[in-house]
Amino acid sequence: MDTLSNHSTVIIVGGGGMGLAAAWRLAKAGQAVRVIEQFRLFHDRGSSHGEHRIIRRTYEDELYSALMPYAYQLWDELEADSGQHLKYLVGGVEFGPPDDPSLLEIIRINRERNVPSEIFTPAEAAKRFPEFRLPGDFLLLYCPANGFLAVDDCVRAHAAQARRHGAIIQDEEPVLQIVPLAHGAEVHTGRGIYTCDKLVVTAGAYVNKLLPQMHLDLAYIIEQNQVHWFEVAHPERFTADRFPVFIVRHERAAMGGTYGFPTFRHPGIKVGVHHSNHHIDVDNYDMIPRDDTTARVRDWVREFIPDATGKILKINACLYDFPPDEHFVIALHPRYPDIAFANMAGHGYKFASLVGEILAQLAMEGRTTYDLTGLGLDRFFSATAARRPAPAQADVGRGH
């Protein structure tokens, strides 16, 4: 692609986790790609930063469960292309009351799809995973295929591989306006006007500023959330070769939605909770951690992980973008078929490799080979459009 030209086959608005994954798939397929990112590349004011993200085969929704094996395959491909170790399958546990709906659905789907997993009573779990202190009526589900992605490495690998195949990535260039055209689109920034045959919008938490420009009457809720690194009394018990990633499944209690990771590159264990309910305006916000969220997470850690001292070593803030039903949107624009769109509803990074492939298919072929039932934009504008079941309160956010 001629770097002096303002025309590209594909423009991607948003150079975060999903946008860079799409750039990799499109550029690797030979397309001329330009990524436009408003902040410095690899910034920490979005959703794809902060050491690691859970990747898991275990889902309580049939569609996400069916998509996950493809995501694993594409992460394998990125590892092969980059020569980097990105995916750490250290095993994962999910625990909660035996009647919790999301836990029961995961167990059912695992059996139907032959996802490897084991179920433990609290007494059995105490022998296998002594780091946790569980209530006597809980069940623990273990899946050896779960683990985490080294998210910062993954984002950089996607960018490097996209560039290796010719993609142009322009950062610190906010998009001021998107103009849909009969064919393609115009993208206006402070540096110029760019045109494209196909537009991919992966704006994450900043999507509300762009939706009206694409004639979409839809508003996302934007939350600021945070994760905490807690000191532990016996660090050797919490290394990635001994301690699994974990998710709490408990829809009826405030503890539901807590999730965490083993020690990786920073001291301590990383723990967060889905839904801080701290809603923000992206034109006027800070990334200062909130004490109420910290207190909620600290209380859980003290109760369930006895070796945690309660001392916080580090806190990272991040942003979630939630549509009204809290499911992914991965779709073509209902009126402008040259525009593809993706926002991930706070639990999407594990799918980034696959979302990049799906967006590439949607952009270049106008369709995808993957089942996206209920993930279209039309569900917000048509009473007859397909929809996904309401997600469980305990479905953990972008950290898993």
# chains A, B, ... in the order shown; residues from 1 in each chain; ligands from 1
call {"tool": "residues_around", "arguments": {"residues": "stretch 15-23 of chain A", "least_positions_apart": "2", "cutoff": "8 Å", "atoms": "only C-alpha atoms", "output": "ChimeraX atom specification"}}
result
/A:12-13,25-27,33-37,41-42,46-48,155,158-159,162,167,169,171,200-204,342,349,352-353,355-357,359-360
call {"tool": "select_by_dssp", "arguments": {"residues": "stretch 156-390 of chain A", "states": "alpha helix (DSSP H)", "output": "PyMOL selection string"}}
result
chain A and resi 156-164+291-304+352-365
call {"tool": "closest_residue", "arguments": {"among": "A:Arg249, A:His43, A:Arg191, A:His327", "to": "A:Tyr64", "atoms": "only C-alpha atoms"}}
result
A:His327
call {"tool": "closest_residue", "arguments": {"among": "A:Glu60, A:Glu112, A:Asp307, A:Glu326", "to": "A:Glu231", "atoms": "only C-alpha atoms"}}
result
A:Asp307
call {"tool": "residues_around", "arguments": {"residues": "A:Leu67", "least_positions_apart": "5", "cutoff": "12 Å", "atoms": "only C-alpha atoms", "output": "PyMOL selection string"}}
result
chain A and resi 56-59+61-62+72-74+113+348+350-355+357-358+369-373
call {"tool": "closest_residue", "arguments": {"among": "A:Phe230, A:Tyr336, A:Phe120, A:Phe261", "to": "A:Ala182", "atoms": "only C-alpha atoms"}}
result
A:Tyr336
call {"tool": "closest_residue", "arguments": {"among": "A:Ser102, A:Asp325, A:Pro180, A:Ala66", "to": "A:Tyr194", "atoms": "only C-alpha atoms"}}
result
A:Pro180
call {"tool": "decode", "arguments": {"residues": "stretch 38-82 of chain A", "atoms": "N, CA and C atoms", "output": "JSON list (two decimals), in the first residue's frame"}}
result
[["chain", "number", "residue", "atom", "x", "y", "z"],
["A", 38, "GLN", "N", -6.57, 6.45, 18.44],
["A", 38, "GLN", "CA", -6.57, 7.80, 18.99],
["A", 38, "GLN", "C", -5.45, 8.05, 20.01],
["A", 39, "PHE", "N", -5.03, 7.01, 20.75],
["A", 39, "PHE", "CA", -3.98, 7.17, 21.74],
["A", 39, "PHE", "C", -2.67, 6.57, 21.23],
["A", 40, "ARG", "N", -1.63, 6.70, 22.03],
["A", 40, "ARG", "CA", -0.38, 6.02, 21.70],
["A", 40, "ARG", "C", -0.62, 4.52, 21.71],
["A", 41, "LEU", "N", -0.06, 3.82, 20.74],
["A", 41, "LEU", "CA", -0.26, 2.38, 20.64],
["A", 41, "LEU", "C", 0.17, 1.70, 21.94],
["A", 42, "PHE", "N", -0.58, 0.69, 22.35],
["A", 42, "PHE", "CA", -0.36, -0.09, 23.56],
["A", 42, "PHE", "C", -0.60, 0.74, 24.82],
["A", 43, "HIS", "N", -1.55, 1.65, 24.76],
["A", 43, "HIS", "CA", -1.88, 2.50, 25.90],
["A", 43, "HIS", "C", -2.65, 1.70, 26.95],
["A", 44, "ASP", "N", -2.93, 2.35, 28.09],
["A", 44, "ASP", "CA", -3.64, 1.69, 29.18],
["A", 44, "ASP", "C", -4.97, 2.38, 29.49],
["A", 45, "ARG", "N", -5.59, 2.99, 28.48],
["A", 45, "ARG", "CA", -6.87, 3.67, 28.69],
["A", 45, "ARG", "C", -8.02, 2.94, 27.98],
["A", 46, "GLY", "N", -7.83, 1.64, 27.79],
["A", 46, "GLY", "CA", -8.85, 0.85, 27.13],
["A", 46, "GLY", "C", -9.13, -0.43, 27.91],
["A", 47, "SER", "N", -9.23, -1.55, 27.18],
["A", 47, "SER", "CA", -9.63, -2.81, 27.79],
["A", 47, "SER", "C", -8.61, -3.93, 27.61],
["A", 48, "SER", "N", -7.52, -3.69, 26.89],
["A", 48, "SER", "CA", -6.61, -4.79, 26.52],
["A", 48, "SER", "C", -5.20, -4.52, 27.02],
["A", 49, "HIS", "N", -5.06, -4.48, 28.34],
["A", 49, "HIS", "CA", -3.76, -4.26, 28.95],
["A", 49, "HIS", "C", -3.79, -4.84, 30.36],
["A", 50, "GLY", "N", -2.63, -5.01, 30.96],
["A", 50, "GLY", "CA", -2.60, -5.40, 32.36],
["A", 50, "GLY", "C", -2.20, -6.83, 32.65],
["A", 51, "GLU", "N", -1.20, -7.34, 31.98],
["A", 51, "GLU", "CA", -0.52, -8.61, 32.27],
["A", 51, "GLU", "C", -1.22, -9.83, 31.71],
["A", 52, "HIS", "N", -2.45, -10.15, 32.13],
["A", 52, "HIS", "CA", -3.08, -11.35, 31.59],
["A", 52, "HIS", "C", -4.60, -11.26, 31.56],
["A", 53, "ARG", "N", -5.18, -12.16, 30.74],
["A", 53, "ARG", "CA", -6.63, -12.34, 30.62],
["A", 53, "ARG", "C", -6.93, -13.83, 30.65],
["A", 54, "ILE", "N", -8.00, -14.22, 31.31],
["A", 54, "ILE", "CA", -8.38, -15.62, 31.33],
["A", 54, "ILE", "C", -8.83, -16.07, 29.93],
["A", 55, "ILE", "N", -8.40, -17.26, 29.56],
["A", 55, "ILE", "CA", -8.93, -17.94, 28.38],
["A", 55, "ILE", "C", -9.51, -19.26, 28.87],
["A", 56, "ARG", "N", -10.70, -19.61, 28.38],
["A", 56, "ARG", "CA", -11.37, -20.79, 28.94],
["A", 56, "ARG", "C", -12.26, -21.46, 27.92],
["A", 57, "ARG", "N", -12.33, -22.77, 28.02],
["A", 57, "ARG", "CA", -13.26, -23.55, 27.22],
["A", 57, "ARG", "C", -14.64, -23.58, 27.86],
["A", 58, "THR", "N", -14.76, -23.21, 29.12],
["A", 58, "THR", "CA", -16.00, -23.35, 29.88],
["A", 58, "THR", "C", -16.85, -22.09, 29.76],
["A", 59, "TYR", "N", -18.02, -22.24, 29.15],
["A", 59, "TYR", "CA", -18.97, -21.14, 29.02],
["A", 59, "TYR", "C", -20.37, -21.64, 29.31],
["A", 60, "GLU", "N", -21.21, -20.73, 29.84],
["A", 60, "GLU", "CA", -22.59, -21.12, 30.13],
["A", 60, "GLU", "C", -23.54, -20.74, 28.99],
["A", 61, "ASP", "N", -23.00, -20.34, 27.85],
["A", 61, "ASP", "CA", -23.80, -20.02, 26.67],
["A", 61, "ASP", "C", -23.29, -20.90, 25.53],
["A", 62, "GLU", "N", -24.22, -21.59, 24.87],
["A", 62, "GLU", "CA", -23.85, -22.54, 23.82],
["A", 62, "GLU", "C", -23.01, -21.91, 22.71],
["A", 63, "LEU", "N", -23.38, -20.69, 22.31],
["A", 63, "LEU", "CA", -22.70, -20.07, 21.17],
["A", 63, "LEU", "C", -21.25, -19.75, 21.50],
["A", 64, "TYR", "N", -21.01, -19.13, 22.66],
["A", 64, "TYR", "CA", -19.63, -18.80, 23.03],
["A", 64, "TYR", "C", -18.81, -20.08, 23.20],
["A", 65, "SER", "N", -19.43, -21.10, 23.78],
["A", 65, "SER", "CA", -18.73, -22.36, 23.96],
["A", 65, "SER", "C", -18.32, -22.97, 22.62],
["A", 66, "ALA", "N", -19.22, -22.87, 21.63],
["A", 66, "ALA", "CA", -18.92, -23.43, 20.32],
["A", 66, "ALA", "C", -17.82, -22.65, 19.59],
["A", 67, "LEU", "N", -17.70, -21.35, 19.87],
["A", 67, "LEU", "CA", -16.69, -20.52, 19.21],
["A", 67, "LEU", "C", -15.29, -20.70, 19.81],
["A", 68, "MET", "N", -15.21, -21.06, 21.09],
["A", 68, "MET", "CA", -13.93, -21.04, 21.77],
["A", 68, "MET", "C", -12.86, -21.92, 21.14],
["A", 69, "PRO", "N", -13.16, -23.14, 20.66],
["A", 69, "PRO", "CA", -12.08, -23.94, 20.06],
["A", 69, "PRO", "C", -11.41, -23.25, 18.87],
["A", 70, "TYR", "N", -12.18, -22.48, 18.11],
["A", 70, "TYR", "CA", -11.60, -21.75, 16.98],
["A", 70, "TYR", "C", -10.67, -20.64, 17.47],
["A", 71, "ALA", "N", -11.06, -20.00, 18.57],
["A", 71, "ALA", "CA", -10.18, -18.96, 19.13],
["A", 71, "ALA", "C", -8.86, -19.58, 19.58],
["A", 72, "TYR", "N", -8.92, -20.74, 20.23],
["A", 72, "TYR", "CA", -7.69, -21.42, 20.64],
["A", 72, "TYR", "C", -6.80, -21.70, 19.44],
["A", 73, "GLN", "N", -7.39, -22.18, 18.35],
["A", 73, "GLN", "CA", -6.60, -22.49, 17.15],
["A", 73, "GLN", "C", -5.90, -21.25, 16.61],
["A", 74, "LEU", "N", -6.60, -20.12, 16.61],
["A", 74, "LEU", "CA", -6.00, -18.91, 16.07],
["A", 74, "LEU", "C", -4.96, -18.32, 17.02],
["A", 75, "TRP", "N", -5.12, -18.51, 18.33],
["A", 75, "TRP", "CA", -4.03, -18.13, 19.24],
["A", 75, "TRP", "C", -2.80, -18.99, 18.97],
["A", 76, "ASP", "N", -3.02, -20.27, 18.69],
["A", 76, "ASP", "CA", -1.90, -21.14, 18.32],
["A", 76, "ASP", "C", -1.20, -20.61, 17.07],
["A", 77, "GLU", "N", -1.99, -20.16, 16.11],
["A", 77, "GLU", "CA", -1.41, -19.63, 14.87],
["A", 77, "GLU", "C", -0.60, -18.37, 15.14],
["A", 78, "LEU", "N", -1.11, -17.50, 16.02],
["A", 78, "LEU", "CA", -0.35, -16.29, 16.34],
["A", 78, "LEU", "C", 0.95, -16.64, 17.06],
["A", 79, "GLU", "N", 0.91, -17.64, 17.94],
["A", 79, "GLU", "CA", 2.14, -18.07, 18.58],
["A", 79, "GLU", "C", 3.14, -18.58, 17.55],
["A", 80, "ALA", "N", 2.65, -19.35, 16.58],
["A", 80, "ALA", "CA", 3.55, -19.87, 15.54],
["A", 80, "ALA", "C", 4.11, -18.74, 14.68],
["A", 81, "ASP", "N", 3.25, -17.79, 14.31],
["A", 81, "ASP", "CA", 3.70, -16.68, 13.47],
["A", 81, "ASP", "C", 4.72, -15.80, 14.19],
["A", 82, "SER", "N", 4.48, -15.55, 15.47],
["A", 82, "SER", "CA", 5.31, -14.61, 16.22],
["A", 82, "SER", "C", 6.51, -15.26, 16.89]]
